[in-house]
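**Q** One structure follows; several queries about it will come next.
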Amino acid sequence: MEALKKFSLEPNRKTILVLGGSQGARAINNAVLAALDQNGLGEEFQILWQTGKRDYKEVVQKAAKKTKYCALFPFADEMELVYAAADVVVARAGALTLAEITACGLPEVLVPYPHAAGDTQKRNAEDYVRRGMARMIEEKQLGATNRLQETTELMGSPDYATMKETIARETSGKRPAVDMIAEDIIEQIQRARISG
């Protein structure tokens, strides 16, 4: 598979994708590093980890000592390959991120950004949990749980298959939200050019 080759990942391991956006999410990065310290990573798993540009060097330095089953990058332009390599995603709960992940049919473990205007990320995450497509943990609870253990346990549980089925059902016959948003932006640009 092209996606796994691009990141030098192994096809016989399940891939946990850790996303923090272009800036990264320091709280998520630190939680994953702490989880690697606590229990390491089982032989059947590997991590594909977008650290963000700010934390990249530090995370690479620390993670290299904790696991060899890890591919790190600060940011990727080819997100379709990133998602194609993943089995489950640990991420923030911004609307576009959720739309992309859902369009790819991936179950999610969400850590909403606690300072989002109007607490929108928490509301987004709660909606996905309610609909059976994700699990959520608040950032303030990160120290009390092992992110990786929770994620690997999810992949080994019946909930994982149920979440995938729910996502497939929710997205069946629907155009991905990111496509509709992109088309709307293009249409507005074209209208502005014509009128202006």
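Within each chain, counting starts at residue 1; across the structure tokens, chains are named A, B, ... in the order shown, with ligands numbered 1 upward in that order.
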Which residues are near stretch 138-143 of chain A? Cut-off 8 Å, only C-alpha atoms, ignore same chain within fewer than 5 positions. Put them as a ChimeraX atom specification.

**A** /A:27-28,31,111-114,122

**Q** Show me, as a PyMOL selection string, the residues that have an atom within 9 Å of A:Asn12 when counting only C-alpha atoms, minus same-chain residues fewer than 2 positions from it.

**A** chain A and resi 9-10+14+44-45

**Q** Rounded to one decimal in Å, what is the spacing between atom CA of A:Leu19 and atom CA of A:Met163?

**A**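 So the two atoms, atom CA of A:Leu19 and atom CA of A:Met163, lie 19.2 Å apart.
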
**Q** I'd like to know which of A:Ile185, A:Cys70, A:Met1, A:Cys104 is closest to A:Leu41, using only C-alpha atoms.

**A**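 Closest residue, counting only C-alpha atoms: A:Cys70.
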
**Q** One decimal, in Å: what's the spacing between atom CA of A:Glu153 and atom CA of A:Ile16?

**A**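 For atom CA of A:Glu153 relative to atom CA of A:Ile16, the distance reads 11.7 Å.
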
**Q** For A:Lys68, which of A:Asn29, A:Ser8, A:Thr102, A:Gln23 is the closest residue, counting only C-alpha atoms?

**A**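 Among the listed residues, the smallest separation from A:Lys68 belongs to A:Ser8.
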
**Q** What's around A:Ala91 at 9 Å? Count only C-alpha atoms, leave out sequence neighbours fewer than 2 positions away in its own chain, and write the answer as a ChimeraX atom specification.

**A** /A:17-21,25,28,89,93-94,97-98,108-112

**Q** Taking into account only C-alpha atoms, which residue in the set A:Arg131, A:Arg169, A:Met79, A:Gly24 is nearest to A:Val59?

**A** A:Gly24

**Q** As a VMD selection string, please: all residues of stretch 6-170 of chain A that backbone DSSP puts in helix (DSSP H, G or I).

**A** chain A and resid 6 26 to 39 56 to 64 79 to 85 95 to 103 117 to 130 139 to 144 147 to 155 158 to 170
